[in-house]
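Peer 1: Dropping the structure in here first, questions after.
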Amino acid sequence: MVHIPSAAPAHRIDRRIYGQFAEHLGRCIYEGVWVGADSSIPNKNGIRTDVVDALRHIKVPLVRWPGGCFADEYHWLKGVGPERQPMVNTHWGGVVESNEFGTHEYFELLNQLDAEAYINGNVGSGTVAEMHDWIEYMTLDSTAPMAELRKRHGREQPWKVDFFGVGNESWGCGGNMLPLHYANQYRQYQTYVRQYGESPVTKIACGANSDDYEWTEVLMARAAEHMDGLSLHYYTIPTGEWNAKGSATDFDDYGWYETLRQTRRMEELLTRHSAIMDKHDPNKRVSLIVDEWGTWYDVEQGTNPGFLYQQNTIRDAVVAALNLNIFHRHSDRVRMTNIAQMVNVLQAMLLTDGDRLVKTPTYHVFDLYSDHQDAEFVATPTAAGTTPGALGTEGDFTVSRKDGALTISATNWGLGRELEADFELPGTATDLLRAQLLTGPAATSHNTFERPEEVALADLAVRVDGRRVRFTLPPHSVATVRVAHAE
Ligand code: AHR
């Protein structure tokens, strides 16, 4: 049995942990988000209505854009005004990027989603002046040249840029820099990310590639005072091999467990990067921002290898749940994450085909977990540590408190047997507010355009008796129970 303690000072699970990432890559922006105002696909100002409706339902708090690797070859001026200048998207398929979707269209998307902005600037192939001008264009309310240009392009008021990333993967596709070189570049570029409006731009430095602890050490030692956040990228690859990652849908028990082993490495990565950050920043002022995470498989057969289109099964749902549980445990330092990516790329929420749309199992986990956004993390004896125990060796869970109710999300990541979840509340249960289960006939179950509801949320049978809340988790499943109680 898991005993849930009474309310005690704890840290908040920042809603931005549920952030999304949308790059100019494959069919994420074009087709996935942007179809243009003249499209026969229902849209508002060029943005797909079905996609916005689905994303609003899971309360997307912010969207990182325009990349990724694309960010370091993006020149924003080509994507504003009546005459857009095309370019070649060299990282992703060598296709022509029309720049039809640019700064104005991005803010229109955010407006429709009611989400915050996280823009990633170009350090790899862009200039300091270019970054400076972009910030001025977006956020300055005056008669200065870039603000005037924005007005000529139809936007009188400045926008609010909540978060700004200074370079992406500067150790790799963003310039192949060494840590000290990037630390210097970061210090220089961020100087010109001016604070024009009332609300400050939160500056995020490019962080480490998975277990590159030296990168974190150098950045924190040399540039911490100039940053608000430091990022981290870690992808779950079933085989651990970039040149043969494994199939999204065709896997055996070994492939299942290996994938989950790889994904659970996130706990160690966060623990060790946080320990380095704690040394330089004991008050935890600088956030650790996991702005790319999720599964990365071999692309679906017959699709452009540069488009990173993959299917999404119950395995992805469990990967999402395990990572979100880990982020909750580390939410005193981890205040934003961005799953890669929002539509049609990697571990997507949504897949589209023409005017058709399917919600993936990962989408349903984000739905199941939505009540954890901005809730107080509840440290239970097992959830506080790294060893899941109370649900057996193949179970994991997370608990949060908000608006007088407790939200319990639990996953059975084993393939063999049911798990009995048994929680004791700090007071008598007064109302069962939500009880839902996500599973499928097989570990490889997934949604297709022909069978979009193969994996969907279902009611969960919960036994509530005084302070006790009990339910059964079938193999390969994720559940959420939300219960009000008297304390
Ligand atoms: O998400 C796909 C790519 O993965 C991003 O563009 C890059 O930052 C990372 O390597």
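Lettering and numbering for the structure tokens are positional, with chains as A, B, ... in the shown order, residues counted from 1 in each chain, and ligands counted from 1 in the shown order.
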Please identify the residues whose atoms come within 8 Å of ligand 1, using only C-alpha atoms and all ligand atoms, and report them as a list in words.

Peer 2: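 Residues satisfying the distance criterion: Glu23, Leu25, Gly67, Gly68, Cys69, Phe70, Ala71, His91, Asn168, Glu169, Gly172, Cys173, His233, Glu292, Leu308, Ala340, Gln341, Val345 and Leu346 of chain A.
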
Peer 1: Can you pull out every residue within 8 Å of range 409-414 of chain A, counting only C-alpha atoms, but drop anything in the same chain fewer than 2 positions away, and send it as number ranges by chain?

Peer 2: A: 318, 321-322, 368-369, 394-399, 407, 416-419, 473-481

Peer 1: Excluding Leu438 in chain A and residues on its chain fewer than 3 positions from it, collect all residues at most 8 Å away from it, counting only C-alpha atoms, and give them as a list in words.

Peer 2: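 So the residues in contact are Pro361, His364, Val365, Val455, Ala456, Leu457, Ala458, Ser477, Val478 and Ala479 of chain A.
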
Peer 1: Just to confirm, what's the straight-line distance from CA of Tyr192 in chain A to CA of His132 in chain A in Å (one decimal)?

Peer 2: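 Going from CA of Tyr192 in chain A over to CA of His132 in chain A, I get 5.2 Å.
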
Peer 1: Per DSSP on the backbone, what are the helix (DSSP H, G or I) residues of range 195-375 of chain A, as a PyMOL selection string?

Peer 2: chain A and resi 213-226+253-263+265-280+305-307+314-329+361-368+370-372

Peer 1: Taking the chain letters and numbering used in this document, name the residues of range 148-330 of chain A that DSSP puts in strand (DSSP E), as a count of residues only.

Peer 2: 29

Peer 1: Between A:Leu109, A:Glu73, A:Ala348, A:Val88, which residue has the minimum interatomic distance to Lys44 in chain A, considering only C-alpha atoms?

Peer 2: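 With only C-alpha atoms as the atom set, the closest residue is A:Leu109.
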
Peer 1: Go ahead and compute the interatomic distance for CA of Asp291 in chain A and CA of Phe164 in chain A, in Å to one decimal.

Peer 2: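 We find that CA of Asp291 in chain A and CA of Phe164 in chain A lie 11.8 Å from each other.
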
Peer 1: Do a neighbour search on Met1 in chain A at 10 Å with only C-alpha atoms, toss out local chain neighbours closer than 4 positions, and write the hits as a PyMOL selection string.

Peer 2: chain A and resi 390-391+420-424+468-470

Peer 1: Which neighbours of Tyr106 in chain A fall inside 12 Å, counting only C-alpha atoms, when residues of the same chain fewer than 3 positions from it are skipped, and could you give them as number ranges by chain?

Peer 2: A: 22-24, 29, 33-34, 45-47, 62-66, 76, 79-80, 99-103, 109-119, 138, 159, 161

Peer 1: Under the rule that only C-alpha atoms are counted, which of A:Phe107, A:Tyr74, A:Tyr213, A:Tyr234 is the nearest residue to Glu130 in chain A?

Peer 2: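 Closest candidate: A:Tyr74.
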
Peer 1: Skipping near chain neighbours, those fewer than 2 positions away, what residues fall within 7 Å of Arg434 in chain A using only C-alpha atoms, listed as a ChimeraX atom specification?

Peer 2: /A:432,436,481-482

Peer 1: Next, write the just-selected residues to a file, as an mmCIF file, in the first residue's frame, keeping all heavy atoms as the atom set.

Peer 2:
data_model
loop_
_atom_site.group_PDB
_atom_site.id
_atom_site.type_symbol
_atom_site.label_atom_id
_atom_site.label_comp_id
_atom_site.auth_asym_id
_atom_site.auth_seq_id
_atom_site.Cartn_x
_atom_site.Cartn_y
_atom_site.Cartn_z
ATOM 1 N N LEU A 432 -15.106 10.699 -6.477
ATOM 2 C CA LEU A 432 -14.214 10.163 -7.505
ATOM 3 C C LEU A 432 -14.407 11.013 -8.757
ATOM 4 O O LEU A 432 -15.465 10.965 -9.395
ATOM 5 C CB LEU A 432 -14.555 8.694 -7.780
ATOM 6 C CG LEU A 432 -13.644 7.963 -8.759
ATOM 7 C CD1 LEU A 432 -12.200 7.917 -8.258
ATOM 8 C CD2 LEU A 432 -14.154 6.536 -8.987
ATOM 9 N N GLN A 436 -9.661 6.624 -15.382
ATOM 10 C CA GLN A 436 -9.538 6.202 -16.782
ATOM 11 C C GLN A 436 -8.296 5.355 -16.995
ATOM 12 O O GLN A 436 -7.260 5.552 -16.325
ATOM 13 C CB GLN A 436 -9.494 7.424 -17.691
ATOM 14 C CG GLN A 436 -10.849 8.075 -17.900
ATOM 15 C CD GLN A 436 -10.788 9.226 -18.869
ATOM 16 O OE1 GLN A 436 -10.001 10.153 -18.670
ATOM 17 N NE2 GLN A 436 -11.601 9.180 -19.912
ATOM 18 N N VAL A 481 -6.372 8.252 -11.689
ATOM 19 C CA VAL A 481 -7.514 8.333 -10.770
ATOM 20 C C VAL A 481 -7.415 9.676 -10.056
ATOM 21 O O VAL A 481 -6.351 10.026 -9.550
ATOM 22 C CB VAL A 481 -7.477 7.180 -9.730
ATOM 23 C CG1 VAL A 481 -8.537 7.390 -8.660
ATOM 24 C CG2 VAL A 481 -7.646 5.846 -10.430
ATOM 25 N N ARG A 482 -8.500 10.430 -10.082
ATOM 26 C CA ARG A 482 -8.511 11.729 -9.393
ATOM 27 C C ARG A 482 -9.617 11.694 -8.353
ATOM 28 O O ARG A 482 -10.773 11.371 -8.669
ATOM 29 C CB ARG A 482 -8.740 12.834 -10.420
ATOM 30 C CG ARG A 482 -8.721 14.233 -9.830
ATOM 31 C CD ARG A 482 -8.520 15.254 -10.953
ATOM 32 N NE ARG A 482 -8.845 16.598 -10.530
ATOM 33 C CZ ARG A 482 -8.063 17.375 -9.781
ATOM 34 N NH1 ARG A 482 -6.900 16.933 -9.350
ATOM 35 N NH2 ARG A 482 -8.443 18.582 -9.444
#

Peer 1: Could you check which of A:Asn338, A:Gln347, A:Asn120, A:Ser274 is closest to Gln20 in chain A, using only C-alpha atoms?

Peer 2: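 The answer is A:Asn338, which sits nearest to Gln20 in chain A.
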